[in-house]
file run-v3.txt (compact mmCIF, C-alpha atoms)
# COMPACT_ATOMS: atom_id res chain seq x y z
CA MET X 197 82.58 128.35 109.52
CA ARG X 198 83.84 130.21 106.46
CA LYS X 199 87.33 130.56 108.00
CA LEU X 200 87.42 126.83 108.72
CA LEU X 201 86.44 126.00 105.13
CA VAL X 202 89.07 128.36 103.70
CA SER X 203 91.67 126.89 106.05
CA LEU X 204 90.82 123.33 104.98
CA ILE X 205 91.05 124.29 101.29
CA ALA X 206 94.43 125.96 101.91
CA VAL X 207 95.77 122.89 103.72
CA ALA X 208 94.56 120.60 100.92
CA ALA X 209 96.17 122.84 98.28
CA LEU X 210 99.46 122.95 100.19
CA GLY X 211 99.37 119.17 100.65
CA THR X 212 98.81 118.66 96.94
CA GLY X 213 101.67 121.02 96.16
CA ALA X 214 103.93 119.13 98.56
CA ALA X 215 103.03 115.85 96.84
CA PHE X 216 103.93 117.32 93.43
CA ALA X 217 107.18 118.75 94.81
CA GLN X 218 108.12 115.39 96.34
CA GLY X 219 107.99 113.45 93.11
CA GLY X 220 107.02 113.58 89.50
CA TYR X 221 103.62 113.02 88.07
CA TRP X 222 102.19 111.57 84.92
CA ALA X 223 99.09 111.44 82.77
CA GLY X 224 98.17 108.55 80.54
CA VAL X 225 95.65 106.49 78.69
CA SER X 226 95.03 102.74 78.61
CA VAL X 227 92.82 100.17 76.94
CA GLY X 228 92.08 96.61 77.89
CA TYR X 229 89.75 94.51 79.90
CA PRO X 230 87.32 95.74 81.26
CA GLY X 231 87.53 99.07 79.39
CA ALA X 232 89.45 102.22 78.51
CA ALA X 233 90.68 104.84 80.97
CA LEU X 234 92.51 108.11 81.46
CA HIS X 235 95.04 108.16 84.31
CA PHE X 236 96.71 110.77 86.48
CA GLY X 237 99.44 109.70 88.87
CA ILE X 238 101.82 111.03 91.48
CA ASP X 239 105.20 109.33 92.00
CA ASP X 240 107.07 108.90 95.28
CA ILE X 241 104.41 109.96 97.76
CA ALA X 242 106.34 107.57 100.02
CA PRO X 243 109.49 105.59 99.20
CA SER X 244 108.76 103.48 96.08
CA LEU X 245 105.01 104.25 96.31
CA ALA X 246 102.83 106.04 93.75
CA VAL X 247 99.10 106.78 93.52
CA ARG X 248 97.04 106.74 90.32
CA LEU X 249 93.53 108.08 89.71
CA ASN X 250 91.53 106.49 86.88
CA ALA X 251 88.47 107.68 84.96
CA GLY X 252 87.05 105.90 81.96
CA TYR X 253 84.48 103.65 80.40
CA ASN X 254 83.88 99.97 81.23
CA TYR X 255 82.19 97.81 78.62
CA ILE X 256 81.99 94.79 80.98
CA GLY X 257 79.63 94.29 83.92
CA THR X 258 77.23 97.18 84.43
CA GLY X 259 78.99 99.11 81.64
CA GLY X 260 79.31 102.87 81.64
CA PHE X 261 81.42 105.42 83.49
CA ALA X 262 84.13 104.16 85.85
CA LEU X 263 86.27 105.80 88.55
CA GLY X 264 89.09 104.25 90.53
CA VAL X 265 92.22 104.77 92.57
CA ASP X 266 95.29 102.53 92.64
CA ALA X 267 98.45 102.35 94.73
CA LEU X 268 101.57 101.22 92.86
CA TYR X 269 104.73 99.93 94.53
CA ASP X 270 108.04 99.80 92.64
CA LEU X 271 109.59 96.34 92.83
CA PRO X 272 113.39 96.06 93.00
CA VAL X 273 113.70 93.78 89.96
CA ASP X 274 117.07 93.95 88.17
CA LEU X 275 116.56 93.70 84.41
CA GLY X 276 120.08 94.81 83.53
CA ASP X 277 120.18 97.59 80.94
CA THR X 278 116.55 97.10 79.90
CA PRO X 279 114.64 100.32 80.71
CA ILE X 280 111.61 98.59 82.29
CA ASP X 281 110.30 99.50 85.74
CA VAL X 282 108.41 96.61 87.38
CA TYR X 283 105.66 97.33 89.89
CA ALA X 284 102.82 95.71 91.80
CA GLY X 285 99.66 97.41 92.90
CA GLY X 286 96.05 97.29 93.77
CA GLY X 287 93.04 99.49 94.05
CA VAL X 288 89.31 99.97 94.12
CA GLY X 289 86.94 101.02 91.39
CA ILE X 290 83.32 101.95 90.97
CA GLY X 291 81.30 101.63 87.79
CA ILE X 292 78.09 103.51 87.08
CA GLY X 293 76.03 102.33 84.13
CA SER X 294 72.99 100.07 84.04
CA GLY X 295 73.64 99.71 87.77
CA ILE X 296 76.40 100.35 90.26
CA ALA X 297 79.41 98.06 90.51
CA LEU X 298 82.22 98.04 93.06
CA GLY X 299 85.38 96.01 92.71
CA VAL X 300 88.90 95.49 93.98
CA ASN X 301 91.87 94.59 91.79
CA VAL X 302 95.47 93.52 92.28
CA PHE X 303 98.00 93.63 89.47
CA VAL X 304 101.61 93.40 88.45
CA GLY X 305 103.00 95.41 85.60
CA GLY X 306 105.95 96.92 83.84
CA GLU X 307 106.59 100.23 82.13
CA PHE X 308 109.10 100.56 79.31
CA SER X 309 110.70 104.00 79.70
CA LEU X 310 110.93 105.78 76.39
CA ALA X 311 113.06 108.52 78.02
CA GLN X 312 115.75 105.99 78.98
CA ALA X 313 115.65 104.72 75.40
CA GLY X 314 116.39 108.24 74.08
CA LEU X 315 112.80 109.21 73.19
CA PRO X 316 110.41 111.76 74.79
CA GLU X 317 109.37 111.59 78.49
CA GLY X 318 106.93 108.76 78.06
CA GLY X 319 106.44 105.14 78.84
CA VAL X 320 104.46 102.19 77.53
CA PHE X 321 103.01 99.94 80.22
CA LEU X 322 101.32 96.56 80.49
CA GLU X 323 99.66 95.22 83.64
CA VAL X 324 97.55 92.17 84.49
CA GLY X 325 96.04 90.64 87.59
CA PRO X 326 92.99 89.26 89.35
CA SER X 327 89.93 91.29 90.28
CA ILE X 328 87.14 90.74 92.77
CA GLY X 329 83.67 92.07 92.13
CA ILE X 330 81.89 93.02 95.33
CA ILE X 331 78.71 94.79 94.18
CA PRO X 332 76.24 93.93 92.58
CA THR X 333 77.38 90.31 92.96
CA PHE X 334 80.48 88.72 94.41
CA GLY X 335 82.76 87.23 91.76
CA PHE X 336 86.27 86.81 90.45
CA GLY X 337 87.76 88.00 87.17
CA VAL X 338 90.88 89.26 85.44
CA THR X 339 92.00 92.77 84.52
CA GLY X 340 94.55 93.75 81.92
CA ARG X 341 95.73 97.10 80.54
CA LEU X 342 98.04 98.30 77.83
CA GLY X 343 98.73 102.00 77.89
CA PHE X 344 100.92 105.05 77.50
CA ASN X 345 102.03 107.51 80.21
CA TYR X 346 103.59 110.93 79.73
CA HIS X 347 105.82 111.88 82.68
CA PHE X 348 106.12 115.53 83.75
call {"tool": "encode", "arguments": {"input": "run-v3.txt", "output": "structure tokens"}}
result
Amino acid sequence: MRKLLVSLIAVAALGTGAAFAQGGYWAGVSVGYPGAALHFGIDDIAPSLAVRLNAGYNYIGTGGFALGVDALYDLPVDLGDTPIDVYAGGGVGIGIGSGIALGVNVFVGGEFSLAQAGLPEGGVFLEVGPSIGIIPTFGFGVTGRLGFNYHF
């Protein structure tokens, strides 16, 4: 059993290393509706696809600690010389506060690349879209974030 566990940990570590080697990664922070979050993302896990993990605080709904994961897909939008990457995405999130909440969101966003503008390896992003609350009650809402990412 111990050998199996060590083997699984080794495979997971190698897989994570392969994901980092495949593309870049970033860390960031955002504020908006329904709260504030820290982000960690991995670029190009598949062509034009990135994954982002979120941890933060929601002040809407049950309030309290929130965790989530999002998939982001780069959209081939030509903005000329403007250093903005446009993307669409979606994900799931769980909130733990005065109760437990589970929701799904879909969004579209853009990130202004500071590196392409001659500044450090960062980007300012804005994203908005609809959300669907599943637990504790079914309902519809809107999400919106403004944030900063630092790309490694």
call {"tool": "residues_around", "arguments": {"input": "run-v3.txt", "residues": "Asp277 in chain X", "least_positions_apart": "2", "cutoff": "12 Å", "atoms": "only C-alpha atoms", "output": "list in words"}}
result
Val273, Asp274, Leu275, Pro279, Ile280, Asp281, Phe308, Ser309, Gln312 and Ala313 of chain X
call {"tool": "residues_around", "arguments": {"input": "run-v3.txt", "residues": "Gly220 in chain X", "least_positions_apart": "2", "cutoff": "7 Å", "atoms": "all atoms listed in the file", "output": "CSV table (one decimal) with C-alpha atoms, keeping the file's coordinate frame"}}
result
chain,number,residue,atom,x,y,z
X,216,PHE,CA,103.9,117.3,93.4
X,222,TRP,CA,102.2,111.6,84.9
X,238,ILE,CA,101.8,111.0,91.5
X,239,ASP,CA,105.2,109.3,92.0
X,348,PHE,CA,106.1,115.5,83.8
call {"tool": "atom_distance", "arguments": {"input": "run-v3.txt", "atom1": "CA of Pro272 in chain X", "atom2": "CA of His235 in chain X"}}
result
23.6 Å
call {"tool": "closest_residue", "arguments": {"input": "run-v3.txt", "among": "X:Pro230, X:Asn250, X:Ile241, X:Gly224", "to": "Ser327 in chain X", "atoms": "only C-alpha atoms"}}
result
X:Pro230
call {"tool": "closest_residue", "arguments": {"input": "run-v3.txt", "among": "X:Ala246, X:Val300, X:Ala233, X:Ala262", "to": "Tyr221 in chain X", "atoms": "all atoms listed in the file"}}
result
X:Ala246
call {"tool": "closest_residue", "arguments": {"input": "run-v3.txt", "among": "X:Gly329, X:Gly259, X:Gly264, X:Gly293", "to": "Gly231 in chain X", "atoms": "all atoms listed in the file"}}
result
X:Gly259
call {"tool": "atom_distance", "arguments": {"input": "run-v3.txt", "atom1": "CA of Leu322 in chain X", "atom2": "CA of Gly343 in chain X"}}
result
6.6 Å
call {"tool": "atom_distance", "arguments": {"input": "run-v3.txt", "atom1": "CA of Glu317 in chain X", "atom2": "CA of Thr278 in chain X"}}
result
16.2 Å
call {"tool": "closest_residue", "arguments": {"input": "run-v3.txt", "among": "X:Gly237, X:Gly340, X:Gly228, X:Gly252", "to": "Gly289 in chain X", "atoms": "all atoms listed in the file"}}
result
X:Gly252
call {"tool": "closest_residue", "arguments": {"input": "run-v3.txt", "among": "X:Ile296, X:Leu315, X:Ile330, X:Val304", "to": "Gly260 in chain X", "atoms": "only C-alpha atoms"}}
result
X:Ile296
call {"tool": "closest_residue", "arguments": {"input": "run-v3.txt", "among": "X:Ile290, X:Val302, X:Val324, X:Ala267", "to": "Ala242 in chain X", "atoms": "only C-alpha atoms"}}
result
X:Ala267
call {"tool": "residues_around", "arguments": {"input": "run-v3.txt", "residues": "Leu268 in chain X", "least_positions_apart": "6", "cutoff": "9 Å", "atoms": "only C-alpha atoms", "output": "list in words"}}
result
Asp239, Ser244, Leu245, Ala246, Val247, Arg248, Tyr283, Ala284, Gly285, Gly286, Gly287 and Val304 of chain X
call {"tool": "closest_atom_pairs", "arguments": {"input": "run-v3.txt", "of": "range 279-325 of chain X", "to": "range 333-336 of chain X", "cutoff": "10 Å", "atoms": "all atoms listed in the file", "output": "JSON lines"}}
result
{"residue": "X:Ala297", "atom": "CA", "partner": "X:Thr333", "partner_atom": "CA", "distance": 8.4}
{"residue": "X:Leu298", "atom": "CA", "partner": "X:Thr333", "partner_atom": "CA", "distance": 9.1}
{"residue": "X:Gly299", "atom": "CA", "partner": "X:Phe334", "partner_atom": "CA", "distance": 8.9}
{"residue": "X:Val300", "atom": "CA", "partner": "X:Phe336", "partner_atom": "CA", "distance": 9.7}
{"residue": "X:Asn301", "atom": "CA", "partner": "X:Phe336", "partner_atom": "CA", "distance": 9.7}
call {"tool": "write_last_selection", "arguments": {"input": "run-v3.txt", "atoms": "C-alpha atoms", "output": "mmCIF file, in the coordinates of the input"}}
result
data_model
loop_
_atom_site.group_PDB
_atom_site.id
_atom_site.type_symbol
_atom_site.label_atom_id
_atom_site.label_comp_id
_atom_site.auth_asym_id
_atom_site.auth_seq_id
_atom_site.Cartn_x
_atom_site.Cartn_y
_atom_site.Cartn_z
ATOM 1 C CA ALA X 297 79.410 98.060 90.510
ATOM 2 C CA LEU X 298 82.220 98.040 93.060
ATOM 3 C CA GLY X 299 85.380 96.010 92.710
ATOM 4 C CA VAL X 300 88.900 95.490 93.980
ATOM 5 C CA ASN X 301 91.870 94.590 91.790
#
call {"tool": "decode", "arguments": {"input": "run-v3.txt", "residues": "range 293-304 of chain X", "atoms": "all heavy atoms", "output": "tab-separated table (two decimals), in the first residue's frame"}}
result
chain	number	residue	atom	x	y	z
X	293	GLY	N	-19.69	29.51	4.74
X	293	GLY	CA	-19.86	30.63	5.66
X	293	GLY	C	-20.97	30.31	6.63
X	293	GLY	O	-20.87	29.37	7.41
X	294	SER	N	-22.06	31.06	6.54
X	294	SER	CA	-23.23	30.77	7.38
X	294	SER	C	-23.96	29.52	6.90
X	294	SER	O	-24.89	29.07	7.53
X	294	SER	CB	-24.18	31.96	7.39
X	294	SER	OG	-24.65	32.22	6.08
X	295	GLY	N	-23.50	28.96	5.81
X	295	GLY	CA	-24.02	27.73	5.23
X	295	GLY	C	-23.08	27.34	4.12
X	295	GLY	O	-22.00	27.92	3.96
X	296	ILE	N	-23.48	26.38	3.32
X	296	ILE	CA	-22.66	25.97	2.18
X	296	ILE	C	-23.39	26.37	0.91
X	296	ILE	O	-24.59	26.15	0.78
X	296	ILE	CB	-22.40	24.45	2.20
X	296	ILE	CG1	-21.55	24.10	3.41
X	296	ILE	CG2	-21.73	24.00	0.92
X	296	ILE	CD1	-21.24	22.63	3.56
X	297	ALA	N	-22.64	26.95	-0.03
X	297	ALA	CA	-23.20	27.36	-1.31
X	297	ALA	C	-22.38	26.73	-2.43
X	297	ALA	O	-21.17	26.60	-2.32
X	297	ALA	CB	-23.19	28.88	-1.43
X	298	LEU	N	-23.05	26.36	-3.50
X	298	LEU	CA	-22.40	25.81	-4.68
X	298	LEU	C	-22.97	26.53	-5.89
X	298	LEU	O	-24.18	26.71	-6.00
X	298	LEU	CB	-22.67	24.31	-4.80
X	298	LEU	CG	-22.08	23.61	-6.02
X	298	LEU	CD1	-20.55	23.61	-5.95
X	298	LEU	CD2	-22.60	22.20	-6.12
X	299	GLY	N	-22.07	26.96	-6.77
X	299	GLY	CA	-22.52	27.68	-7.95
X	299	GLY	C	-21.66	27.41	-9.16
X	299	GLY	O	-20.55	26.89	-9.06
X	300	VAL	N	-22.21	27.76	-10.32
X	300	VAL	CA	-21.53	27.63	-11.60
X	300	VAL	C	-21.54	29.01	-12.25
X	300	VAL	O	-22.54	29.72	-12.18
X	300	VAL	CB	-22.27	26.62	-12.50
X	300	VAL	CG1	-21.63	26.53	-13.87
X	300	VAL	CG2	-22.33	25.26	-11.84
X	301	ASN	N	-20.41	29.39	-12.87
X	301	ASN	CA	-20.39	30.68	-13.55
X	301	ASN	C	-19.78	30.53	-14.94
X	301	ASN	O	-19.02	29.62	-15.21
X	301	ASN	CB	-19.64	31.73	-12.73
X	301	ASN	CG	-18.20	31.36	-12.48
X	301	ASN	OD1	-17.74	30.29	-12.85
X	301	ASN	ND2	-17.47	32.23	-11.83
X	302	VAL	N	-20.17	31.44	-15.81
X	302	VAL	CA	-19.66	31.55	-17.17
X	302	VAL	C	-19.29	33.01	-17.35
X	302	VAL	O	-20.00	33.89	-16.88
X	302	VAL	CB	-20.73	31.13	-18.20
X	302	VAL	CG1	-20.22	31.29	-19.61
X	302	VAL	CG2	-21.19	29.71	-17.94
X	303	PHE	N	-18.17	33.27	-18.00
X	303	PHE	CA	-17.74	34.67	-18.13
X	303	PHE	C	-16.95	34.88	-19.41
X	303	PHE	O	-16.48	33.95	-20.04
X	303	PHE	CB	-16.88	35.08	-16.92
X	303	PHE	CG	-15.76	34.12	-16.61
X	303	PHE	CD1	-14.55	34.22	-17.25
X	303	PHE	CD2	-15.94	33.11	-15.69
X	303	PHE	CE1	-13.53	33.34	-16.98
X	303	PHE	CE2	-14.93	32.23	-15.40
X	303	PHE	CZ	-13.71	32.34	-16.06
X	304	VAL	N	-16.84	36.14	-19.76
X	304	VAL	CA	-15.97	36.58	-20.84
X	304	VAL	C	-15.11	37.70	-20.26
X	304	VAL	O	-15.56	38.45	-19.39
X	304	VAL	CB	-16.79	37.04	-22.08
X	304	VAL	CG1	-17.63	38.26	-21.77
X	304	VAL	CG2	-15.89	37.29	-23.27
